[in-house]
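**Q** For reference, the file run.tsv (TSV, C-alpha atoms and all ligand atoms) is included below:
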```tsv
chain	number	residue	atom	x	y	z
A	24	MET	CA	54.64	2.95	-151.42
A	25	HIS	CA	56.02	2.53	-154.97
A	26	TRP	CA	53.30	1.88	-157.60
A	27	SER	CA	54.82	-1.51	-158.46
A	28	HIS	CA	53.80	-2.91	-155.06
A	29	THR	CA	50.09	-2.57	-155.90
A	30	PHE	CA	49.79	-2.27	-159.69
A	31	TYR	CA	50.31	-5.93	-160.64
A	32	GLU	CA	47.77	-7.30	-158.17
A	33	GLN	CA	45.18	-4.80	-159.47
A	34	GLN	CA	46.12	-5.59	-163.08
A	35	ASP	CA	45.61	-9.29	-162.32
A	36	ARG	CA	42.17	-8.62	-160.84
A	37	LEU	CA	41.16	-6.71	-163.97
A	38	THR	CA	42.71	-8.92	-166.64
A	39	GLY	CA	43.49	-12.34	-165.15
A	40	TYR	CA	46.93	-11.95	-166.77
A	41	TYR	CA	48.80	-13.84	-164.03
A	42	SER	CA	46.53	-16.92	-164.11
A	43	GLN	CA	47.10	-17.72	-167.78
A	44	PRO	CA	48.40	-21.09	-169.03
A	45	ILE	CA	51.81	-21.39	-170.67
A	46	HIS	CA	51.79	-19.75	-174.12
A	47	PRO	CA	53.88	-21.19	-176.99
A	48	PHE	CA	55.83	-17.92	-176.68
A	49	HIS	CA	57.12	-19.01	-173.23
A	50	THR	CA	58.10	-22.44	-174.55
A	51	ALA	CA	59.97	-20.90	-177.50
A	52	LEU	CA	61.77	-18.42	-175.23
A	53	ALA	CA	62.77	-21.18	-172.79
A	54	ALA	CA	64.11	-23.24	-175.71
A	55	ARG	CA	66.08	-20.26	-177.06
A	56	VAL	CA	67.65	-19.45	-173.69
A	57	THR	CA	68.50	-23.13	-173.13
A	58	ALA	CA	70.07	-23.46	-176.59
A	59	HIS	CA	72.09	-20.27	-176.09
A	60	ARG	CA	73.33	-21.46	-172.69
A	61	GLY	CA	74.12	-24.91	-174.13
A	62	ARG	CA	72.26	-26.98	-171.52
A	63	PRO	CA	69.68	-26.61	-168.76
A	64	GLY	CA	70.85	-25.76	-165.23
A	65	THR	CA	69.82	-23.58	-162.33
A	66	LEU	CA	67.80	-20.55	-163.37
A	67	LEU	CA	66.63	-17.52	-161.38
A	68	GLU	CA	63.67	-15.63	-162.81
A	69	LEU	CA	63.12	-12.09	-161.49
A	70	GLY	CA	59.54	-10.80	-161.58
A	71	ALA	CA	58.24	-14.24	-162.55
A	72	GLY	CA	54.55	-13.25	-162.42
A	73	GLY	CA	52.25	-16.26	-162.75
A	74	GLY	CA	55.13	-18.65	-163.49
A	75	GLN	CA	54.42	-19.32	-167.17
A	76	PHE	CA	58.05	-18.92	-168.25
A	77	ALA	CA	59.33	-20.57	-165.05
A	78	THR	CA	57.26	-23.68	-165.80
A	79	ALA	CA	58.29	-23.69	-169.47
A	80	ALA	CA	61.95	-23.47	-168.33
A	81	ALA	CA	61.42	-26.35	-165.88
A	82	LEU	CA	59.91	-28.39	-168.72
A	83	ALA	CA	63.08	-27.61	-170.70
A	84	GLY	CA	65.10	-29.18	-167.85
A	85	HIS	CA	66.04	-26.19	-165.66
A	86	THR	CA	65.74	-26.07	-161.88
A	87	VAL	CA	63.98	-22.74	-161.43
A	88	THR	CA	63.72	-20.19	-158.64
A	89	ALA	CA	60.80	-17.87	-159.47
A	90	LEU	CA	61.02	-14.61	-157.50
A	91	ASP	CA	58.18	-12.09	-157.43
A	92	LEU	CA	56.61	-9.56	-155.09
A	93	TYR	CA	53.15	-10.77	-155.92
A	94	ARG	CA	52.21	-13.70	-153.65
A	95	ARG	CA	49.31	-14.90	-155.80
A	96	GLY	CA	51.63	-15.02	-158.82
A	97	GLY	CA	53.80	-17.49	-156.89
A	98	GLU	CA	50.75	-19.54	-155.92
A	99	HIS	CA	49.72	-19.76	-159.55
A	100	ALA	CA	53.29	-20.66	-160.56
A	101	ARG	CA	53.24	-23.62	-158.13
A	102	ARG	CA	49.86	-24.82	-159.44
A	103	LEU	CA	51.03	-24.46	-163.04
A	104	ALA	CA	54.28	-26.34	-162.37
A	105	ALA	CA	52.38	-29.11	-160.54
A	106	GLY	CA	49.88	-29.37	-163.40
A	107	HIS	CA	52.78	-29.90	-165.81
A	108	GLY	CA	54.50	-32.46	-163.56
A	109	VAL	CA	57.49	-30.24	-162.72
A	110	ALA	CA	56.56	-29.07	-159.20
A	111	ALA	CA	59.91	-30.29	-157.83
A	112	ALA	CA	61.80	-28.12	-160.34
A	113	VAL	CA	60.07	-24.79	-159.54
A	114	ARG	CA	60.70	-23.04	-156.23
A	115	THR	CA	58.83	-19.79	-155.69
A	116	VAL	CA	60.12	-16.95	-153.53
A	117	THR	CA	57.82	-14.05	-152.60
A	118	GLY	CA	60.06	-11.03	-152.25
A	119	ASP	CA	61.55	-7.86	-153.67
A	120	PHE	CA	64.25	-8.35	-156.28
A	121	TYR	CA	66.14	-5.33	-154.90
A	122	THR	CA	66.47	-6.90	-151.43
A	123	ALA	CA	65.51	-10.61	-151.40
A	124	ASP	CA	68.10	-13.36	-151.03
A	125	PRO	CA	67.02	-16.19	-153.33
A	126	GLY	CA	70.29	-18.12	-152.79
A	127	GLY	CA	72.51	-18.92	-155.75
A	128	PRO	CA	74.72	-18.77	-157.69
A	129	PHE	CA	72.46	-19.54	-160.66
A	130	GLY	CA	73.59	-20.73	-164.09
A	131	THR	CA	71.14	-18.32	-165.74
A	132	VAL	CA	69.15	-15.25	-164.66
A	133	CYS	CA	66.07	-14.13	-166.62
A	134	CYS	CA	63.80	-11.12	-166.28
A	135	TRP	CA	60.86	-10.65	-168.63
A	136	ASP	CA	58.71	-7.53	-168.69
A	137	GLY	CA	59.94	-6.41	-165.30
A	138	PHE	CA	63.07	-4.45	-166.18
A	139	GLY	CA	62.61	-0.69	-166.21
A	140	ILE	CA	60.19	-0.48	-163.29
A	141	GLY	CA	62.61	1.66	-161.31
A	142	GLU	CA	64.83	4.66	-162.09
A	143	ASP	CA	68.23	4.22	-163.74
A	144	ALA	CA	70.01	4.00	-160.36
A	145	ASP	CA	67.64	1.15	-159.37
A	146	GLN	CA	68.32	-0.61	-162.67
A	147	ARG	CA	72.08	-0.33	-162.19
A	148	PHE	CA	71.74	-1.69	-158.66
A	149	LEU	CA	69.60	-4.60	-159.89
A	150	LEU	CA	72.10	-5.38	-162.67
A	151	SER	CA	74.91	-5.48	-160.07
A	152	ARG	CA	72.85	-7.95	-158.06
A	153	VAL	CA	72.31	-10.04	-161.21
A	154	ALA	CA	76.09	-10.14	-161.79
A	155	ARG	CA	76.63	-11.44	-158.24
A	156	TRP	CA	74.09	-14.24	-158.78
A	157	LEU	CA	75.95	-15.47	-161.89
A	158	PRO	CA	79.25	-17.35	-162.15
A	159	GLU	CA	81.95	-15.89	-164.42
A	160	GLY	CA	81.07	-16.38	-168.11
A	161	ALA	CA	77.36	-17.06	-167.49
A	162	ALA	CA	74.62	-14.82	-168.89
A	163	ALA	CA	71.44	-13.03	-167.91
A	164	TYR	CA	68.58	-12.60	-170.38
A	165	VAL	CA	66.62	-9.42	-169.80
A	166	GLY	CA	63.57	-8.16	-171.67
A	167	VAL	CA	63.96	-4.44	-172.41
A	168	TYR	CA	61.26	-2.15	-173.81
A	169	THR	CA	62.27	-0.14	-176.87
A	170	PRO	CA	61.66	3.64	-176.95
A	171	TRP	CA	60.61	3.69	-180.63
A	172	TYR	CA	57.63	1.30	-180.38
A	173	TRP	CA	56.14	3.00	-177.34
A	174	ALA	CA	56.69	6.54	-178.65
A	175	GLN	CA	54.97	5.60	-181.92
A	176	HIS	CA	52.02	3.86	-180.29
A	177	ALA	CA	51.20	6.37	-177.55
A	178	GLY	CA	47.47	7.02	-177.58
A	179	PHE	CA	46.45	3.50	-178.56
A	180	THR	CA	43.33	2.51	-176.62
A	181	ARG	CA	41.80	-0.92	-176.04
A	182	HIS	CA	38.23	-1.08	-174.70
A	183	THR	CA	36.98	-4.13	-172.80
A	184	GLU	CA	33.88	-4.69	-170.71
A	185	GLY	CA	35.58	-3.89	-167.40
A	186	TYR	CA	38.25	-1.33	-168.31
A	187	THR	CA	39.91	0.81	-170.95
A	188	GLN	CA	43.65	0.37	-171.50
A	189	THR	CA	45.68	3.23	-172.98
A	190	TYR	CA	49.33	3.33	-174.03
A	191	GLY	CA	51.26	6.53	-173.37
A	192	PHE	CA	54.86	7.70	-173.53
A	193	ASP	CA	56.82	10.00	-171.21
A	194	ALA	CA	59.32	11.44	-173.71
A	195	ASP	CA	61.43	13.22	-171.08
A	196	GLY	CA	61.86	10.13	-168.89
A	197	CYS	CA	61.81	7.74	-171.91
A	198	ARG	CA	59.16	5.57	-170.22
A	199	MET	CA	56.20	3.67	-171.62
A	200	LEU	CA	52.99	4.33	-169.75
A	201	ASP	CA	50.31	1.66	-169.61
A	202	THR	CA	47.08	2.85	-168.00
A	203	TYR	CA	44.06	0.79	-167.03
A	204	ALA	CA	40.89	2.76	-166.35
A	205	PRO	CA	38.31	0.44	-164.76
A	206	THR	CA	34.67	1.40	-165.21
A	207	ALA	CA	34.10	1.73	-161.45
A	208	ALA	CA	37.49	2.43	-159.84
A	209	PRO	CA	40.42	4.87	-160.14
A	210	ALA	CA	42.85	4.40	-163.04
A	211	LEU	CA	46.22	2.73	-162.49
A	212	THR	CA	49.39	3.15	-164.54
A	213	GLN	CA	52.62	1.22	-164.91
A	214	SER	CA	55.62	3.18	-166.13
A	215	LEU	CA	58.63	1.35	-167.52
A	216	ARG	CA	61.94	2.83	-168.64
A	217	CYS	CA	62.57	2.13	-172.32
A	218	SER	CA	66.16	1.67	-173.51
A	219	SER	CA	67.92	1.21	-176.82
A	220	PRO	CA	70.95	-1.12	-176.71
A	221	ALA	CA	73.10	2.06	-176.69
A	222	ASP	CA	71.22	3.32	-173.60
A	223	LEU	CA	71.66	-0.02	-171.88
A	224	ARG	CA	75.42	0.01	-172.56
A	225	LEU	CA	75.60	3.32	-170.65
A	226	LEU	CA	74.07	1.63	-167.59
A	227	LEU	CA	76.42	-1.34	-167.54
A	228	PRO	CA	79.91	-0.04	-166.55
A	229	GLY	CA	80.59	-1.03	-162.96
A	230	THR	CA	77.79	-3.62	-162.81
A	231	GLY	CA	79.95	-6.61	-163.80
A	232	LEU	CA	77.87	-7.24	-166.95
A	233	THR	CA	78.47	-6.50	-170.64
A	234	LEU	CA	75.95	-6.51	-173.50
A	235	ALA	CA	76.87	-9.59	-175.53
A	236	ASP	CA	73.88	-9.73	-177.87
A	237	VAL	CA	70.43	-8.29	-178.54
A	238	TRP	CA	67.54	-10.43	-179.78
A	239	ALA	CA	64.76	-8.47	-181.47
A	240	GLY	CA	61.28	-9.38	-180.22
A	241	GLY	CA	57.76	-8.99	-181.54
A	242	ALA	CA	55.28	-6.18	-182.09
A	243	TYR	CA	51.59	-5.69	-181.68
A	244	HIS	CA	50.19	-3.94	-184.76
A	245	THR	CA	47.56	-1.75	-183.19
A	246	GLN	CA	45.60	-0.98	-186.38
A	247	ALA	CA	45.42	-4.59	-187.59
A	248	GLY	CA	45.00	-5.94	-184.03
A	249	VAL	CA	47.66	-8.58	-184.76
A	250	TYR	CA	50.76	-9.60	-182.76
A	251	GLN	CA	53.77	-10.58	-184.87
A	252	PRO	CA	56.21	-12.57	-182.70
A	253	GLN	CA	59.36	-11.66	-184.62
A	254	VAL	CA	60.10	-8.30	-186.24
A	255	SER	CA	63.28	-6.22	-186.68
A	256	LEU	CA	64.98	-4.45	-183.78
A	257	GLY	CA	63.78	-1.10	-185.14
A	258	GLU	CA	60.14	-2.25	-185.02
A	259	CYS	CA	59.90	-4.41	-181.89
A	260	MET	CA	58.14	-3.60	-178.61
A	261	SER	CA	60.91	-5.17	-176.59
A	262	ASP	CA	64.15	-7.02	-177.17
A	263	VAL	CA	66.16	-9.47	-175.12
A	264	ALA	CA	69.49	-8.14	-173.86
A	265	VAL	CA	71.98	-10.98	-173.39
A	266	LEU	CA	74.21	-9.75	-170.56
A	267	GLN	CA	77.46	-11.59	-169.99
A	268	ARG	CA	79.09	-11.81	-166.56
A	269	GLY	CA	82.73	-10.77	-166.53
B	1	LIG	C1	54.89	-6.95	-166.25
B	1	LIG	S1	54.90	-8.19	-165.00
B	1	LIG	C2	55.72	-9.50	-165.87
B	1	LIG	C3	55.47	-10.86	-165.29
B	1	LIG	C4	56.12	-12.02	-166.03
B	1	LIG	N1	57.57	-11.89	-166.08
B	1	LIG	C5	55.57	-12.15	-167.42
B	1	LIG	O1	56.30	-11.87	-168.38
B	1	LIG	O2	54.40	-12.53	-167.55
B	1	LIG	C6	56.14	-7.62	-163.88
B	1	LIG	C7	56.31	-8.52	-162.68
B	1	LIG	O3	57.37	-8.02	-161.88
B	1	LIG	C8	57.00	-8.11	-160.52
B	1	LIG	N2	57.76	-7.11	-159.76
B	1	LIG	C9	57.70	-5.78	-159.87
B	1	LIG	N3	58.58	-5.19	-159.03
B	1	LIG	C10	59.19	-6.19	-158.36
B	1	LIG	C11	60.18	-6.23	-157.36
B	1	LIG	N4	60.74	-5.11	-156.86
B	1	LIG	N5	60.59	-7.43	-156.91
B	1	LIG	C12	60.04	-8.57	-157.39
B	1	LIG	N6	59.09	-8.60	-158.35
B	1	LIG	C13	58.67	-7.43	-158.83
B	1	LIG	C14	55.51	-7.85	-160.52
B	1	LIG	O4	54.87	-8.30	-159.35
B	1	LIG	C15	55.07	-8.57	-161.79
B	1	LIG	O5	54.72	-9.90	-161.54
```
Just give me the structure as structure tokens.
Ligand SMILES: C[S@@+](CC[C@H](N)C(=O)[O-])C[C@H]1O[C@@H](n2cnc3c(N)ncnc32)[C@H](O)[C@@H]1O

**A**
Amino acid sequence: MHWSHTFYEQQDRLTGYYSQPIHPFHTALAARVTAHRGRPGTLLELGAGGGQFATAAALAGHTVTALDLYRRGGEHARRLAAGHGVAAAVRTVTGDFYTADPGGPFGTVCCWDGFGIGEDADQRFLLSRVARWLPEGAAAYVGVYTPWYWAQHAGFTRHTEGYTQTYGFDADGCRMLDTYAPTAAPALTQSLRCSSPADLRLLLPGTGLTLADVWAGGAYHTQAGVYQPQVSLGECMSDVAVLQRG
């Protein structure tokens, strides 16, 4: 079985990451996507986790389909949406984004922190699926990890009571490695392909998508222990690729 089918459930057990409330970051991202698109509409989120962005997008007026492999993430998404009074605007689908049929077309497709899980052929296949979910002229917004941040910060270690988290970098595969070593269980690692905008452009021919824009994201400053939500493209941990259909 691929590591992604077990990693996120174990990560949730260790960190509680998928049961968090909405962060102002999700609200700001939902507002930015909505403003870029011009108005709210139907929105498919791939790898929606605990539904924090999905709920923020519903609060911004979208009708959201939140797709994720992780069943408990979907359960939390429904609770979160209900708690914010937007249960009717968030539909969860438990399934694999390479194979599931969430319906559609959707006015917008988003994917945050879930792109890069597979190999390049998987990514190309997923991008082709994204293009088929979108009408002509619509856009997908995809969070992409940058190679430079993760190469520079390999070796960073965070100690907590229950586990130690270590960042690594596979230079040959250009993948960030994020390892959790629990005190009383085997370590688990997620490995995500990092791409510059130039790398991403090489993936796109034949998918039906073009790179229309790149929004620089934030960076965690490991020495200061501070997260800065907006830095330059050359400094950020991840950016948002705006991928236009057609
Ligand atoms: C790093 S988490 C990000 C979650 C959420 N987007 C966020 O930003 O908080 C990646 C998510 O992608 C989901 N995922 C991984 N592979 C998937 C697949 N093949 N199909 C659907 N979801 C998948 C995981 O279960 C997990 O919830």

**Q** Using all atoms listed in the file, find the one residue out of A:Thr245, A:Gln146, A:Ser151, A:Thr230 that sits nearest to Arg181 (chain A).

**A**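 Of A:Thr245, A:Gln146, A:Ser151, A:Thr230, the one nearest Arg181 (chain A) is A:Thr245, counting all atoms listed in the file.
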
**Q** Could you produce a table of the residues of chain A lying within 10 Å of ligand LIG 1 (chain B), with the nearest pair of atoms per residue and their separation in Å rounded to one decimal, using only C-alpha atoms and all ligand atoms, ordered by chain and increasing residue number, as CSV?

**A**
```
residue,atom,partner,partner_atom,distance
A:His25,CA,B:LIG1,N3,9.1
A:Trp26,CA,B:LIG1,N3,8.9
A:Ser27,CA,B:LIG1,N3,5.3
A:His28,CA,B:LIG1,N3,6.6
A:Thr29,CA,B:LIG1,O4,8.2
A:Phe30,CA,B:LIG1,O4,7.9
A:Tyr31,CA,B:LIG1,O4,5.3
A:Glu32,CA,B:LIG1,O4,7.3
A:Gln34,CA,B:LIG1,S1,9.4
A:Asp35,CA,B:LIG1,O5,9.2
A:Tyr40,CA,B:LIG1,O2,7.5
A:Tyr41,CA,B:LIG1,O2,6.7
A:Ser42,CA,B:LIG1,O2,9.6
A:Gln43,CA,B:LIG1,O2,9.0
A:Ile45,CA,B:LIG1,O2,9.7
A:His49,CA,B:LIG1,O1,8.7
A:Glu68,CA,B:LIG1,N1,7.9
A:Leu69,CA,B:LIG1,N6,6.2
A:Gly70,CA,B:LIG1,O3,3.5
A:Ala71,CA,B:LIG1,N1,4.3
A:Gly72,CA,B:LIG1,O5,3.5
A:Gly73,CA,B:LIG1,O2,6.4
A:Gly74,CA,B:LIG1,C4,7.2
A:Gln75,CA,B:LIG1,O2,6.8
A:Phe76,CA,B:LIG1,C5,7.3
A:Ala77,CA,B:LIG1,N1,8.9
A:Ala89,CA,B:LIG1,N1,9.5
A:Leu90,CA,B:LIG1,C12,6.1
A:Asp91,CA,B:LIG1,N6,3.7
A:Leu92,CA,B:LIG1,N6,4.2
A:Tyr93,CA,B:LIG1,O4,4.6
A:Arg94,CA,B:LIG1,O4,8.3
A:Arg95,CA,B:LIG1,O4,9.3
A:Gly96,CA,B:LIG1,O5,6.6
A:Gly97,CA,B:LIG1,O5,8.9
A:Val116,CA,B:LIG1,C12,9.2
A:Thr117,CA,B:LIG1,C12,7.6
A:Gly118,CA,B:LIG1,C12,5.7
A:Asp119,CA,B:LIG1,N5,3.4
A:Phe120,CA,B:LIG1,N5,3.8
A:Tyr121,CA,B:LIG1,N4,5.7
A:Thr122,CA,B:LIG1,N5,8.1
A:Ala123,CA,B:LIG1,N5,8.0
A:Cys133,CA,B:LIG1,N1,8.8
A:Cys134,CA,B:LIG1,N1,6.3
A:Trp135,CA,B:LIG1,N1,4.3
A:Asp136,CA,B:LIG1,C2,4.6
A:Gly137,CA,B:LIG1,C6,4.2
A:Phe138,CA,B:LIG1,C6,8.0
A:Gly139,CA,B:LIG1,N3,9.4
A:Ile140,CA,B:LIG1,N3,6.6
A:Gly141,CA,B:LIG1,N3,8.3
A:Asp145,CA,B:LIG1,N4,9.6
A:Leu149,CA,B:LIG1,N4,9.4
A:Gly166,CA,B:LIG1,O1,8.8
A:Gln213,CA,B:LIG1,C1,8.6
A:Leu215,CA,B:LIG1,C1,9.2
```

**Q** Once 4 Å is added on each side, what are the centre and the three edge lengths, in Å to one decimal, of the axis-aligned box enclosing the listed atoms of region 54-66 of chain A? Present them as JSON.

**A**
```
{"center_x": 69.1, "center_y": -23.2, "center_z": -169.7, "size_x": 18.0, "size_y": 15.5, "size_z": 22.7}
```

**Q** What is the CA of Phe129 (chain A) to CA of Asp143 (chain A) distance in Å?

**A**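 Pair CA of Phe129 (chain A) / CA of Asp143 (chain A) returns 24.3 Å.
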
**Q** Find the nearest atom pair between each residue of region 31-150 of chain A and region 247-257 of chain A for residues within 12 Å, count all atoms listed in the file, give distances in Å to one decimal, sort rows by chain and ascending number, and present the table as JSON lines.

**A**
```
{"residue": "A:Pro47", "atom": "CA", "partner": "A:Pro252", "partner_atom": "CA", "distance": 10.6}
{"residue": "A:Phe48", "atom": "CA", "partner": "A:Pro252", "partner_atom": "CA", "distance": 8.1}
{"residue": "A:His49", "atom": "CA", "partner": "A:Pro252", "partner_atom": "CA", "distance": 11.5}
{"residue": "A:Ala51", "atom": "CA", "partner": "A:Pro252", "partner_atom": "CA", "distance": 10.5}
{"residue": "A:Leu52", "atom": "CA", "partner": "A:Pro252", "partner_atom": "CA", "distance": 11.0}
```

**Q** Select from region 209-243 of chain A every residue with an atom at most 12 Å from any atom of region 189-195 of chain A, then for each give the shortest pair of atoms and their distance in Å to one decimal, using only C-alpha atoms, rows by chain and rising number, as JSON lines.

**A**
```
{"residue": "A:Ala210", "atom": "CA", "partner": "A:Thr189", "partner_atom": "CA", "distance": 10.4}
{"residue": "A:Leu211", "atom": "CA", "partner": "A:Thr189", "partner_atom": "CA", "distance": 10.5}
{"residue": "A:Thr212", "atom": "CA", "partner": "A:Thr189", "partner_atom": "CA", "distance": 9.2}
{"residue": "A:Gln213", "atom": "CA", "partner": "A:Tyr190", "partner_atom": "CA", "distance": 9.9}
{"residue": "A:Ser214", "atom": "CA", "partner": "A:Asp193", "partner_atom": "CA", "distance": 8.6}
{"residue": "A:Leu215", "atom": "CA", "partner": "A:Phe192", "partner_atom": "CA", "distance": 9.5}
{"residue": "A:Arg216", "atom": "CA", "partner": "A:Asp193", "partner_atom": "CA", "distance": 9.2}
{"residue": "A:Cys217", "atom": "CA", "partner": "A:Phe192", "partner_atom": "CA", "distance": 9.6}
{"residue": "A:Ser218", "atom": "CA", "partner": "A:Ala194", "partner_atom": "CA", "distance": 11.9}
```

**Q** Env of Val132 (chain A): 12 Å cut, atoms = only C-alpha atoms, seq-sep filter 3 positions within chain, self excluded. Answer as JSON, numbers by chain.

**A** {"A": [53, 56, 57, 60, 64, 65, 66, 67, 68, 69, 70, 71, 77, 80, 85, 86, 87, 88, 89, 90, 120, 125, 127, 128, 129, 135, 149, 150, 152, 153, 154, 155, 156, 157, 158, 161, 162, 163, 164, 165, 166, 264, 265, 266, 267, 268]}

**Q** Using Å and a single decimal, report how far CA of Cys197 (chain A) sits from CA of Pro209 (chain A).

**A**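 A separation of 24.6 Å between them.
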
**Q** Any idea what the distance is between CA of Ala81 (chain A) and CA of Val113 (chain A)?

**A**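 Spanning CA of Ala81 (chain A) to CA of Val113 (chain A) is a straight-line distance of 6.7 Å.
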
**Q** Using all atoms listed in the file, which residue out of A:Ala79, A:Met24, A:Leu37, A:Leu103 lies closest to Thr183 (chain A)?

**A**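 That would be A:Leu37, the residue with the smallest distance to Thr183 (chain A).
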
**Q** Using all atoms listed in the file, which residue out of A:Ala83, A:Leu226, A:Pro205, A:Ser261 lies closest to Gly241 (chain A)?

**A** A:Ser261

**Q** Return the single residue from A:Tyr168, A:Thr78, A:His59, A:Ala221 that is closest to Ala242 (chain A), with distances computed using only C-alpha atoms.

**A**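 Smallest distance to Ala242 (chain A) is found for A:Tyr168.
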
**Q** Rank nothing, just name the residue among A:Asp124, A:Glu142, A:Glu159, A:Glu98 nearest to Thr233 (chain A), using all atoms listed in the file.

**A** A:Glu159
